[in-house]
file structure-v1.txt (compact mmCIF, C-alpha atoms)
# COMPACT_ATOMS: atom_id res chain seq x y z
CA MET A 1 20.97 -48.70 8.70
CA VAL A 2 19.85 -45.21 7.70
CA VAL A 3 20.43 -42.51 10.29
CA GLN A 4 17.96 -39.64 10.33
CA THR A 5 19.56 -36.31 11.09
CA GLU A 6 17.70 -33.36 12.53
CA PRO A 7 17.69 -30.25 10.34
CA LEU A 8 20.03 -27.49 11.45
CA LEU A 9 17.96 -24.76 13.06
CA TYR A 10 18.81 -21.06 12.99
CA SER A 11 17.61 -18.12 15.00
CA PRO A 12 15.88 -15.29 13.13
CA GLU A 13 18.92 -13.12 13.87
CA ASP A 14 21.29 -15.70 12.34
CA TYR A 15 19.08 -15.93 9.27
CA LEU A 16 19.01 -12.16 8.77
CA LYS A 17 22.78 -11.97 9.10
CA LEU A 18 23.26 -14.78 6.56
CA GLU A 19 20.69 -13.27 4.19
CA GLU A 20 22.60 -9.95 4.05
CA THR A 21 25.51 -11.62 2.25
CA ALA A 22 23.72 -14.49 0.49
CA GLU A 23 23.97 -14.75 -3.29
CA PHE A 24 20.36 -15.97 -3.50
CA LYS A 25 17.27 -15.31 -1.40
CA HIS A 26 16.10 -17.77 1.22
CA GLU A 27 12.90 -18.24 3.15
CA TYR A 28 13.04 -18.70 6.91
CA ARG A 29 10.50 -21.18 8.31
CA ASP A 30 10.58 -21.46 12.09
CA GLY A 31 14.32 -22.12 12.28
CA GLU A 32 14.90 -23.70 8.88
CA ILE A 33 16.47 -21.80 6.00
CA ILE A 34 15.00 -22.81 2.64
CA PRO A 35 16.60 -21.68 -0.66
CA MET A 36 14.11 -19.97 -2.97
CA THR A 37 13.94 -21.20 -6.53
CA GLY A 38 15.14 -18.95 -9.31
CA GLY A 39 12.58 -17.14 -11.38
CA THR A 40 11.88 -17.65 -15.07
CA THR A 41 11.58 -14.87 -17.63
CA ASN A 42 7.80 -15.40 -17.72
CA HIS A 43 7.63 -15.20 -13.92
CA ASN A 44 9.57 -11.94 -13.99
CA GLN A 45 7.52 -10.52 -16.86
CA ILE A 46 4.19 -11.22 -15.14
CA ALA A 47 5.34 -9.80 -11.79
CA GLY A 48 6.66 -6.71 -13.58
CA ASN A 49 3.46 -6.24 -15.58
CA ALA A 50 1.32 -6.52 -12.44
CA TYR A 51 3.55 -4.07 -10.56
CA PHE A 52 3.58 -1.55 -13.41
CA GLN A 53 -0.18 -1.56 -13.89
CA LEU A 54 -0.88 -1.41 -10.14
CA LYS A 55 1.63 1.43 -9.70
CA LEU A 56 -0.09 3.43 -12.44
CA ALA A 57 -3.58 2.78 -11.07
CA LEU A 58 -2.69 3.63 -7.46
CA ARG A 59 -0.49 6.61 -8.21
CA GLY A 60 -1.19 9.54 -5.89
CA GLN A 61 -3.17 7.37 -3.46
CA ASN A 62 -2.15 6.23 0.00
CA TYR A 63 -0.67 2.86 -1.05
CA ARG A 64 2.87 1.49 -1.20
CA LEU A 65 3.91 -1.31 -3.57
CA PHE A 66 6.84 -3.64 -3.08
CA ILE A 67 8.15 -6.23 -5.50
CA GLY A 68 10.37 -9.27 -4.92
CA ASP A 69 13.23 -7.96 -2.79
CA VAL A 70 11.25 -6.73 0.23
CA ARG A 71 10.89 -9.35 2.93
CA LEU A 72 7.70 -10.11 4.86
CA TRP A 73 7.82 -11.25 8.51
CA ILE A 74 4.90 -13.34 9.77
CA PRO A 75 5.36 -13.58 13.55
CA ASP A 76 2.63 -16.18 14.25
CA TYR A 77 4.54 -18.72 12.15
CA ARG A 78 8.09 -17.35 12.55
CA LEU A 79 8.32 -16.97 8.78
CA TYR A 80 10.40 -14.63 6.65
CA THR A 81 9.47 -14.75 2.98
CA TYR A 82 9.61 -12.67 -0.20
CA PRO A 83 6.21 -12.32 -1.90
CA ASP A 84 6.36 -11.44 -5.58
CA LEU A 85 4.29 -8.29 -5.00
CA MET A 86 2.74 -6.63 -1.95
CA VAL A 87 0.37 -3.68 -1.66
CA ILE A 88 0.29 -1.86 1.68
CA ARG A 89 -2.38 0.71 2.53
CA GLY A 90 -1.22 3.72 4.54
CA ASP A 91 1.93 3.59 6.61
CA VAL A 92 4.33 0.70 6.27
CA SER A 93 4.88 -1.28 9.47
CA TYR A 94 8.53 -2.30 9.55
CA HIS A 95 9.77 -5.29 11.51
CA GLU A 96 12.28 -4.14 14.13
CA ASN A 97 12.78 -0.88 12.19
CA ARG A 98 14.35 -2.80 9.29
CA SER A 99 13.67 -1.02 6.00
CA ASP A 100 13.90 -4.37 4.16
CA THR A 101 11.20 -6.21 6.16
CA VAL A 102 7.49 -5.33 6.40
CA LEU A 103 4.53 -6.64 8.41
CA ASN A 104 1.28 -5.30 6.98
CA PRO A 105 0.39 -6.15 3.37
CA LEU A 106 -3.20 -5.66 2.27
CA VAL A 107 -2.75 -7.52 -1.03
CA ILE A 108 -0.21 -10.21 -1.87
CA VAL A 109 0.45 -11.43 -5.42
CA GLU A 110 2.37 -14.62 -6.17
CA VAL A 111 3.31 -15.90 -9.63
CA LEU A 112 3.03 -19.68 -9.53
CA SER A 113 5.79 -22.03 -10.57
CA LYS A 114 5.78 -25.81 -10.82
CA SER A 115 7.99 -26.13 -7.74
CA THR A 116 6.09 -23.69 -5.48
CA GLY A 117 2.45 -23.78 -6.65
CA ASN A 118 1.22 -26.23 -4.01
CA TYR A 119 3.05 -24.38 -1.22
CA ASP A 120 1.68 -21.01 -2.40
CA ARG A 121 -1.88 -22.38 -2.38
CA GLY A 122 -1.51 -24.34 0.87
CA ASP A 123 0.73 -23.60 3.82
CA LYS A 124 1.92 -20.23 2.56
CA PHE A 125 -1.65 -19.01 2.17
CA LYS A 126 -2.38 -20.25 5.71
CA PHE A 127 0.63 -18.27 6.97
CA TYR A 128 -0.47 -15.15 5.09
CA ARG A 129 -3.99 -15.38 6.56
CA SER A 130 -2.55 -14.75 10.03
CA ILE A 131 -1.70 -11.16 8.99
CA PRO A 132 -4.50 -8.90 10.32
CA GLU A 133 -4.30 -6.39 7.44
CA PHE A 134 -4.27 -9.07 4.71
CA GLN A 135 -7.45 -8.95 2.58
CA GLU A 136 -6.65 -10.29 -0.90
CA TYR A 137 -4.43 -12.98 -2.40
CA ILE A 138 -3.77 -13.25 -6.13
CA LEU A 139 -2.13 -16.35 -7.64
CA ILE A 140 -1.08 -15.97 -11.27
CA ASP A 141 -0.24 -18.99 -13.41
CA GLN A 142 2.78 -18.43 -15.64
CA TYR A 143 2.03 -21.42 -17.90
CA GLN A 144 -1.48 -20.49 -19.09
CA TYR A 145 -4.11 -17.79 -18.77
CA SER A 146 -5.25 -18.49 -15.23
CA VAL A 147 -5.58 -16.42 -12.06
CA GLU A 148 -6.98 -17.42 -8.68
CA GLN A 149 -8.28 -14.56 -6.54
CA PHE A 150 -8.95 -15.06 -2.82
CA VAL A 151 -10.88 -12.24 -1.15
CA LYS A 152 -11.59 -11.96 2.58
CA THR A 153 -15.25 -11.15 3.12
CA GLU A 154 -16.68 -8.92 5.85
CA MET A 155 -17.60 -12.12 7.71
CA GLY A 156 -13.93 -13.20 7.69
CA LYS A 157 -14.41 -15.99 5.15
CA TRP A 158 -12.30 -16.34 2.03
CA GLN A 159 -14.07 -16.29 -1.34
CA LEU A 160 -12.35 -17.78 -4.40
CA ASN A 161 -12.76 -16.47 -7.96
CA PHE A 162 -11.18 -18.08 -11.03
CA TYR A 163 -10.22 -16.22 -14.22
CA GLU A 164 -9.26 -18.58 -17.04
CA SER A 165 -9.51 -17.01 -20.48
CA ALA A 166 -7.30 -14.77 -22.58
CA ASP A 167 -9.94 -12.02 -22.56
CA ALA A 168 -10.54 -12.10 -18.78
CA ILE A 169 -10.34 -8.96 -16.64
CA LEU A 170 -9.13 -9.29 -13.04
CA THR A 171 -10.81 -6.81 -10.69
CA LEU A 172 -9.39 -6.44 -7.19
CA SER A 173 -11.75 -6.02 -4.24
CA SER A 174 -9.51 -4.33 -1.69
CA VAL A 175 -8.16 -1.58 -3.97
CA GLU A 176 -9.66 0.14 -6.99
CA PHE A 177 -7.87 -1.73 -9.74
CA GLN A 178 -8.56 -3.94 -12.71
CA ILE A 179 -6.28 -5.43 -15.31
CA ASN A 180 -7.06 -7.30 -18.51
CA PHE A 181 -5.09 -10.41 -19.27
CA ALA A 182 -3.56 -8.84 -22.39
CA ASP A 183 -1.72 -6.42 -20.08
CA LEU A 184 -1.06 -8.93 -17.30
CA TYR A 185 0.44 -11.48 -19.69
CA GLU A 186 2.09 -9.00 -22.07
CA GLN A 187 5.24 -10.52 -23.65
CA VAL A 188 4.71 -13.87 -21.89
CA ASN A 189 5.58 -16.87 -24.05
CA PHE A 190 3.69 -19.94 -22.81
CA LYS A 191 5.67 -22.27 -25.11
CA GLN A 192 8.88 -21.04 -23.52
CA SER A 193 7.52 -21.69 -20.01
CA GLU A 194 6.85 -25.34 -20.91
CA GLU A 195 10.56 -25.75 -21.59
CA GLU A 196 11.74 -24.06 -18.36

call {"tool": "encode", "arguments": {"input": "structure-v1.txt", "output": "C-alpha cells"}}
result
Amino acid sequence: MVVQTEPLLYSPEDYLKLEETAEFKHEYRDGEIIPMTGGTTNHNQIAGNAYFQLKLALRGQNYRLFIGDVRLWIPDYRLYTYPDLMVIRGDVSYHENRSDTVLNPLVIVEVLSKSTGNYDRGDKFKFYRSIPEFQEYILIDQYQYSVEQFVKTEMGKWQLNFYESADAILTLSSVEFQINFADLYEQVNFKQSEEE
C-alpha cells in the first residue's frame, strides 16, 4: 500500500528566514518551498545581455532594473519568486520594507529552460498578470533564436508577438527600447545549450 503524504507547508515568514541562509534560491508557492533550477551559461549570458542593453537605453530615465537576486512578492497567489529581469517605472514598492523584495514590476523578462518553460508560460504568467503595474512579459528561448512578447493592451487583453529569426529586432511597448538578436544572443552557443 502506498501512503500519500501531505507536503510540508511553511509560512511566508519561515520561508524568508530559511531563504536568508540558503545556498540556493527557492520559490515560495502558497506554503510550499520549491528549489529553483540552476542556470546555464547561455541563460546567464542572455539575461546579462538584456540587462546591459536595457540599462544603457533607460539610463537617466525614471526606471529601475533588477536582475536575478531581487525577489518578487505576488500577494494574490502568495508567491515569492525571482524573475530573471524586472523593470520598474518610478518608485520601487517594497514588500514589508524589505530591500530584497519588490511588488511593482512593469516589465518581466524570463529566459526559458527545458525544466521551467511550461511553468513560465502557464501558471507563472497567470500569477504575474495579477500585478496591477505589470504591462509586458518577455520570454527568451536559450536554445534557438526565439522570443515571445506578451503586451497588455489598453483594453486589458494580452497580445502575443513572436520573433523567430537571427535578424529579428525586439521592440518593447511599455518602455522605449529595442534590441536586435545579435546583441540579445551575443556569445550564446546554441550547440552548448543542447548538451546542458

call {"tool": "closest_residue", "arguments": {"input": "structure-v1.txt", "among": "A:Leu103, A:Leu8, A:Ile108, A:Val175", "to": "Tyr63 in chain A", "atoms": "only C-alpha atoms"}}
result
A:Val175

call {"tool": "residues_near_point", "arguments": {"input": "structure-v1.txt", "point": "(-4.3, -5.1, -9.0)", "cutoff": "6 Å", "atoms": "all atoms listed in the file", "output": "PDB file with C-alpha atoms, in the frame of the given file"}}
result
ATOM      1  CA  LEU A  54      -0.880  -1.410 -10.140  1.00  0.00           C
ATOM      2  CA  LEU A 172      -9.390  -6.440  -7.190  1.00  0.00           C
ATOM      3  CA  PHE A 177      -7.870  -1.730  -9.740  1.00  0.00           C
ATOM      4  CA  GLN A 178      -8.560  -3.940 -12.710  1.00  0.00           C
TER       5      GLN A 178
END

call {"tool": "closest_residue", "arguments": {"input": "structure-v1.txt", "among": "A:Glu154, A:Asp123, A:Glu23, A:Asp167", "to": "Gln135 in chain A", "atoms": "all atoms listed in the file"}}
result
A:Glu154

call {"tool": "closest_residue", "arguments": {"input": "structure-v1.txt", "among": "A:Glu136, A:Val111, A:Val87, A:Arg121", "to": "Trp158 in chain A", "atoms": "all atoms listed in the file"}}
result
A:Glu136

call {"tool": "atom_distance", "arguments": {"input": "structure-v1.txt", "atom1": "CA of Lys152 in chain A", "atom2": "CA of Glu133 in chain A"}}
result
10.4 Å

call {"tool": "atom_distance", "arguments": {"input": "structure-v1.txt", "atom1": "CA of Ile67 in chain A", "atom2": "CA of Gly31 in chain A"}}
result
24.6 Å

call {"tool": "decode", "arguments": {"input": "structure-v1.txt", "residues": "range 57-74 of chain A", "atoms": "N, CA and C atoms", "output": "PDB file, in the first residue's frame"}}
result
ATOM      1  N   ALA A  57      19.846  51.819 -22.453  1.00  0.00           N
ATOM      2  CA  ALA A  57      18.743  52.519 -23.115  1.00  0.00           C
ATOM      3  C   ALA A  57      17.926  53.373 -22.146  1.00  0.00           C
ATOM      4  N   LEU A  58      17.796  52.922 -20.898  1.00  0.00           N
ATOM      5  CA  LEU A  58      16.946  53.616 -19.934  1.00  0.00           C
ATOM      6  C   LEU A  58      17.724  54.518 -18.991  1.00  0.00           C
ATOM      7  N   ARG A  59      19.009  54.636 -19.228  1.00  0.00           N
ATOM      8  CA  ARG A  59      19.863  55.447 -18.366  1.00  0.00           C
ATOM      9  C   ARG A  59      19.340  56.881 -18.289  1.00  0.00           C
ATOM     10  N   GLY A  60      19.289  57.419 -17.081  1.00  0.00           N
ATOM     11  CA  GLY A  60      18.837  58.791 -16.880  1.00  0.00           C
ATOM     12  C   GLY A  60      17.328  58.956 -16.864  1.00  0.00           C
ATOM     13  N   GLN A  61      16.593  57.870 -17.077  1.00  0.00           N
ATOM     14  CA  GLN A  61      15.128  57.923 -17.043  1.00  0.00           C
ATOM     15  C   GLN A  61      14.636  57.358 -15.708  1.00  0.00           C
ATOM     16  N   ASN A  62      13.366  57.496 -15.464  1.00  0.00           N
ATOM     17  CA  ASN A  62      12.795  57.120 -14.174  1.00  0.00           C
ATOM     18  C   ASN A  62      12.406  55.635 -14.124  1.00  0.00           C
ATOM     19  N   TYR A  63      13.397  54.770 -14.357  1.00  0.00           N
ATOM     20  CA  TYR A  63      13.194  53.324 -14.308  1.00  0.00           C
ATOM     21  C   TYR A  63      14.264  52.695 -13.422  1.00  0.00           C
ATOM     22  N   ARG A  64      13.915  51.577 -12.790  1.00  0.00           N
ATOM     23  CA  ARG A  64      14.870  50.777 -12.041  1.00  0.00           C
ATOM     24  C   ARG A  64      14.859  49.374 -12.629  1.00  0.00           C
ATOM     25  N   LEU A  65      16.053  48.779 -12.756  1.00  0.00           N
ATOM     26  CA  LEU A  65      16.182  47.428 -13.287  1.00  0.00           C
ATOM     27  C   LEU A  65      16.756  46.519 -12.213  1.00  0.00           C
ATOM     28  N   PHE A  66      16.204  45.314 -12.144  1.00  0.00           N
ATOM     29  CA  PHE A  66      16.687  44.331 -11.182  1.00  0.00           C
ATOM     30  C   PHE A  66      16.863  42.996 -11.887  1.00  0.00           C
ATOM     31  N   ILE A  67      17.947  42.324 -11.566  1.00  0.00           N
ATOM     32  CA  ILE A  67      18.271  41.063 -12.231  1.00  0.00           C
ATOM     33  C   ILE A  67      18.476  39.965 -11.188  1.00  0.00           C
ATOM     34  N   GLY A  68      17.790  38.844 -11.396  1.00  0.00           N
ATOM     35  CA  GLY A  68      18.041  37.592 -10.696  1.00  0.00           C
ATOM     36  C   GLY A  68      17.903  37.496  -9.195  1.00  0.00           C
ATOM     37  N   ASP A  69      18.583  38.327  -8.437  1.00  0.00           N
ATOM     38  CA  ASP A  69      18.631  38.149  -6.985  1.00  0.00           C
ATOM     39  C   ASP A  69      17.547  38.910  -6.235  1.00  0.00           C
ATOM     40  N   VAL A  70      16.801  39.761  -6.906  1.00  0.00           N
ATOM     41  CA  VAL A  70      15.735  40.511  -6.234  1.00  0.00           C
ATOM     42  C   VAL A  70      14.448  39.704  -6.348  1.00  0.00           C
ATOM     43  N   ARG A  71      13.819  39.527  -5.204  1.00  0.00           N
ATOM     44  CA  ARG A  71      12.614  38.705  -5.108  1.00  0.00           C
ATOM     45  C   ARG A  71      11.375  39.542  -5.444  1.00  0.00           C
ATOM     46  N   LEU A  72      10.363  38.875  -5.985  1.00  0.00           N
ATOM     47  CA  LEU A  72       9.070  39.481  -6.275  1.00  0.00           C
ATOM     48  C   LEU A  72       8.025  38.785  -5.415  1.00  0.00           C
ATOM     49  N   TRP A  73       7.178  39.573  -4.719  1.00  0.00           N
ATOM     50  CA  TRP A  73       6.075  39.025  -3.935  1.00  0.00           C
ATOM     51  C   TRP A  73       4.779  39.296  -4.678  1.00  0.00           C
ATOM     52  N   ILE A  74       3.987  38.248  -4.884  1.00  0.00           N
ATOM     53  CA  ILE A  74       2.694  38.363  -5.557  1.00  0.00           C
ATOM     54  C   ILE A  74       1.630  37.966  -4.537  1.00  0.00           C
TER      55      ILE A  74
END
